[in-house]
Amino acid sequence: QALLLAAALASFATHAQERPTDPVKLHGVNYAPSLQLQGQALQLNGAGTRYKAVFKVYTAGLYLEKPAASLEAIGQLTGPKRITVSMLRSINAAELGTLFAHGMEDNMDKQQFSKLIPGVVRMSEVFNRHKELKAGDRFTLDWLPGKGMVISVNGKPEPAEFTEPEFYQAMLGIWLGPKPADRGLKQVLLAAAP
């Protein structure tokens with residue numbers, strides 16, 4: 001099974017090496033090669049699947065103004081950004097919020113993380129309100145210059161405000177930091193960069 005998983009991850013990685021011109025389809029979820037956000041065209045930097053053991057949990061796609069190969073490079077980009085997540089199985093939303101908080105903490109030093117705790121509490125409240133994310137549900141984390149991070153669940157923006165660029169960068173760290181949730185997913189999300 002480990003070999004099958006490794007082969008699957010390798011096929012995702014090779015699939016995403018070139019910038020896609022057609023939608024990338026993962027387990028019935030389509031990721032368009034580009035989209036408009038705040039009036040700016042963003043390109044799909046990569047898309048892949050989050051596995052927990054052998055189970056598929058969700059797919060994710062990262063959209064940026066230009067290709068980036070690292071979390072640091074993404075932090076240097078000044079335009080809008082989007083990561084979109086589509087659930088492949090149902091999960092307790094509060095549990096997912098807690099996992100995200102731990103993922104942020106794992107990828108930052110304690111002092112940095114402590115400054116972001118008010119935002120982590122607001123993020124947890126967003127997921128707590130939703131009780132459960134079911135297979136087929138989708139949420140996006142958008143960075144909008146001049147506004148901040150906007151969380152949308154199934155296309156509906158949440159009222160919580162996250163104005164700190166460091167918070168959005170910490171959220172991306174869940175997937176793209178030194179201790180990512182899934183190393184294979186990190187690889188494919190960053191695969192479009194030369």
# chains A, B, ... in the order shown; residues from 1 in each chain; ligands from 1
call {"tool": "residues_around", "arguments": {"residues": "A:His27", "least_positions_apart": "4", "cutoff": "12 Å", "atoms": "only C-alpha atoms", "output": "PyMOL selection string"}}
result
chain A and resi 12+31+47-50+56-60+86-89+135-136
call {"tool": "write_last_selection", "arguments": {"atoms": "N, CA, C and O atoms", "output": "mmCIF file, in the first residue's frame"}}
result
data_model
loop_
_atom_site.group_PDB
_atom_site.id
_atom_site.type_symbol
_atom_site.label_atom_id
_atom_site.label_comp_id
_atom_site.auth_asym_id
_atom_site.auth_seq_id
_atom_site.Cartn_x
_atom_site.Cartn_y
_atom_site.Cartn_z
ATOM 1 N N PHE A 12 0.926 12.517 -9.286
ATOM 2 C CA PHE A 12 0.425 13.879 -9.085
ATOM 3 C C PHE A 12 1.548 14.868 -9.352
ATOM 4 O O PHE A 12 1.369 15.877 -10.000
ATOM 5 N N TYR A 31 -10.000 21.846 -10.966
ATOM 6 C CA TYR A 31 -9.273 23.075 -10.653
ATOM 7 C C TYR A 31 -8.943 23.764 -11.972
ATOM 8 O O TYR A 31 -8.179 23.235 -12.776
ATOM 9 N N ALA A 47 -2.057 21.604 -7.714
ATOM 10 C CA ALA A 47 -3.224 21.022 -7.055
ATOM 11 C C ALA A 47 -2.911 19.580 -6.715
ATOM 12 O O ALA A 47 -2.193 18.901 -7.457
ATOM 13 N N GLY A 48 -3.421 19.120 -5.575
ATOM 14 C CA GLY A 48 -3.141 17.753 -5.162
ATOM 15 C C GLY A 48 -4.120 17.291 -4.101
ATOM 16 O O GLY A 48 -5.087 17.978 -3.779
ATOM 17 N N THR A 49 -3.841 16.132 -3.552
ATOM 18 C CA THR A 49 -4.732 15.470 -2.607
ATOM 19 C C THR A 49 -4.053 15.310 -1.262
ATOM 20 O O THR A 49 -2.882 14.936 -1.194
ATOM 21 N N ARG A 50 -4.807 15.597 -0.212
ATOM 22 C CA ARG A 50 -4.332 15.388 1.164
ATOM 23 C C ARG A 50 -4.726 13.981 1.583
ATOM 24 O O ARG A 50 -5.907 13.620 1.541
ATOM 25 N N LYS A 56 -8.149 9.382 1.432
ATOM 26 C CA LYS A 56 -8.176 10.699 0.803
ATOM 27 C C LYS A 56 -9.062 11.610 1.656
ATOM 28 O O LYS A 56 -10.218 11.272 1.902
ATOM 29 N N VAL A 57 -8.536 12.739 2.106
ATOM 30 C CA VAL A 57 -9.289 13.641 2.983
ATOM 31 C C VAL A 57 -9.867 14.816 2.190
ATOM 32 O O VAL A 57 -11.040 15.126 2.297
ATOM 33 N N TYR A 58 -9.027 15.482 1.400
ATOM 34 C CA TYR A 58 -9.489 16.602 0.580
ATOM 35 C C TYR A 58 -8.502 16.851 -0.544
ATOM 36 O O TYR A 58 -7.382 16.332 -0.542
ATOM 37 N N THR A 59 -8.948 17.618 -1.524
ATOM 38 C CA THR A 59 -8.033 18.121 -2.551
ATOM 39 C C THR A 59 -7.820 19.605 -2.285
ATOM 40 O O THR A 59 -8.638 20.259 -1.650
ATOM 41 N N ALA A 60 -6.702 20.121 -2.769
ATOM 42 C CA ALA A 60 -6.398 21.544 -2.588
ATOM 43 C C ALA A 60 -5.728 22.080 -3.837
ATOM 44 O O ALA A 60 -4.978 21.368 -4.510
ATOM 45 N N SER A 86 -11.336 21.242 -1.257
ATOM 46 C CA SER A 86 -12.593 20.522 -1.502
ATOM 47 C C SER A 86 -12.561 19.212 -0.732
ATOM 48 O O SER A 86 -11.666 18.380 -0.943
ATOM 49 N N MET A 87 -13.538 19.031 0.138
ATOM 50 C CA MET A 87 -13.572 17.849 0.999
ATOM 51 C C MET A 87 -13.944 16.592 0.198
ATOM 52 O O MET A 87 -14.847 16.619 -0.633
ATOM 53 N N LEU A 88 -13.228 15.513 0.478
ATOM 54 C CA LEU A 88 -13.526 14.218 -0.134
ATOM 55 C C LEU A 88 -14.203 13.283 0.857
ATOM 56 O O LEU A 88 -14.698 12.227 0.481
ATOM 57 N N ARG A 89 -14.210 13.663 2.137
ATOM 58 C CA ARG A 89 -14.894 12.885 3.180
ATOM 59 C C ARG A 89 -15.393 13.866 4.224
ATOM 60 O O ARG A 89 -14.892 14.980 4.320
ATOM 61 N N ALA A 135 -18.368 15.673 2.481
ATOM 62 C CA ALA A 135 -17.767 15.410 1.172
ATOM 63 C C ALA A 135 -18.472 16.284 0.139
ATOM 64 O O ALA A 135 -19.700 16.350 0.115
ATOM 65 N N GLY A 136 -17.707 16.982 -0.670
ATOM 66 C CA GLY A 136 -18.272 17.895 -1.669
ATOM 67 C C GLY A 136 -18.270 19.345 -1.226
ATOM 68 O O GLY A 136 -18.376 20.247 -2.062
#
call {"tool": "residues_around", "arguments": {"residues": "A:Leu133", "least_positions_apart": "5", "cutoff": "12 Å", "atoms": "only C-alpha atoms", "output": "ChimeraX atom specification"}}
result
/A:57-58,85-97,126-128,138-139,153-154
call {"tool": "write_last_selection", "arguments": {"atoms": "N, CA, C and O atoms", "output": "tab-separated table (two decimals), in the first residue's frame"}}
result
chain	number	residue	atom	x	y	z
A	57	VAL	N	-8.54	12.74	2.11
A	57	VAL	CA	-9.29	13.64	2.98
A	57	VAL	C	-9.87	14.82	2.19
A	57	VAL	O	-11.04	15.13	2.30
A	58	TYR	N	-9.03	15.48	1.40
A	58	TYR	CA	-9.49	16.60	0.58
A	58	TYR	C	-8.50	16.85	-0.54
A	58	TYR	O	-7.38	16.33	-0.54
A	85	VAL	N	-9.94	24.40	-0.98
A	85	VAL	CA	-9.93	23.04	-0.44
A	85	VAL	C	-11.31	22.43	-0.67
A	85	VAL	O	-12.33	23.04	-0.31
A	86	SER	N	-11.34	21.24	-1.26
A	86	SER	CA	-12.59	20.52	-1.50
A	86	SER	C	-12.56	19.21	-0.73
A	86	SER	O	-11.67	18.38	-0.94
A	87	MET	N	-13.54	19.03	0.14
A	87	MET	CA	-13.57	17.85	1.00
A	87	MET	C	-13.94	16.59	0.20
A	87	MET	O	-14.85	16.62	-0.63
A	88	LEU	N	-13.23	15.51	0.48
A	88	LEU	CA	-13.53	14.22	-0.13
A	88	LEU	C	-14.20	13.28	0.86
A	88	LEU	O	-14.70	12.23	0.48
A	89	ARG	N	-14.21	13.66	2.14
A	89	ARG	CA	-14.89	12.88	3.18
A	89	ARG	C	-15.39	13.87	4.22
A	89	ARG	O	-14.89	14.98	4.32
A	90	SER	N	-16.37	13.47	4.99
A	90	SER	CA	-16.92	14.34	6.03
A	90	SER	C	-15.95	14.42	7.20
A	90	SER	O	-15.29	13.43	7.54
A	91	ILE	N	-15.87	15.59	7.81
A	91	ILE	CA	-15.02	15.79	8.97
A	91	ILE	C	-15.67	16.81	9.89
A	91	ILE	O	-16.34	17.74	9.41
A	92	ASN	N	-15.51	16.62	11.17
A	92	ASN	CA	-15.98	17.58	12.16
A	92	ASN	C	-15.24	18.90	11.91
A	92	ASN	O	-14.01	18.94	11.92
A	93	ALA	N	-15.98	19.97	11.66
A	93	ALA	CA	-15.36	21.24	11.28
A	93	ALA	C	-14.51	21.81	12.42
A	93	ALA	O	-13.45	22.38	12.18
A	94	ALA	N	-14.97	21.65	13.66
A	94	ALA	CA	-14.19	22.15	14.80
A	94	ALA	C	-12.86	21.41	14.89
A	94	ALA	O	-11.81	22.01	15.18
A	95	GLU	N	-12.89	20.10	14.61
A	95	GLU	CA	-11.66	19.30	14.62
A	95	GLU	C	-10.70	19.79	13.54
A	95	GLU	O	-9.49	19.91	13.76
A	96	LEU	N	-11.24	20.13	12.36
A	96	LEU	CA	-10.41	20.64	11.28
A	96	LEU	C	-9.78	21.97	11.69
A	96	LEU	O	-8.58	22.21	11.46
A	97	GLY	N	-10.56	22.85	12.32
A	97	GLY	CA	-10.03	24.12	12.80
A	97	GLY	C	-8.89	23.91	13.79
A	97	GLY	O	-7.86	24.60	13.75
A	126	VAL	N	-14.98	30.32	13.19
A	126	VAL	CA	-15.56	30.13	11.85
A	126	VAL	C	-15.88	28.65	11.65
A	126	VAL	O	-16.99	28.29	11.26
A	127	PHE	N	-14.90	27.78	11.91
A	127	PHE	CA	-15.13	26.35	11.68
A	127	PHE	C	-16.13	25.77	12.68
A	127	PHE	O	-16.93	24.89	12.31
A	128	ASN	N	-16.13	26.25	13.91
A	128	ASN	CA	-17.10	25.78	14.91
A	128	ASN	C	-18.54	26.04	14.45
A	128	ASN	O	-19.43	25.25	14.71
A	138	ARG	N	-16.69	22.89	-0.01
A	138	ARG	CA	-15.46	23.56	-0.45
A	138	ARG	C	-15.28	24.83	0.36
A	138	ARG	O	-16.24	25.52	0.66
A	139	PHE	N	-14.04	25.11	0.72
A	139	PHE	CA	-13.77	26.41	1.33
A	139	PHE	C	-12.53	27.01	0.71
A	139	PHE	O	-11.67	26.30	0.18
A	153	VAL	N	-16.96	29.62	2.81
A	153	VAL	CA	-17.37	28.22	2.88
A	153	VAL	C	-18.52	28.03	1.91
A	153	VAL	O	-19.54	28.72	1.99
A	154	ASN	N	-18.31	27.14	0.94
A	154	ASN	CA	-19.29	26.90	-0.12
A	154	ASN	C	-19.73	28.21	-0.79
A	154	ASN	O	-20.90	28.45	-1.05
call {"tool": "closest_residue", "arguments": {"among": "A:Ala160, A:Leu185, A:Trp143, A:Gln40", "to": "A:Ile74", "atoms": "only C-alpha atoms"}}
result
A:Trp143
call {"tool": "closest_residue", "arguments": {"among": "A:Ala53, A:Leu172, A:Val150, A:Leu44", "to": "A:Ser70", "atoms": "only C-alpha atoms"}}
result
A:Leu172
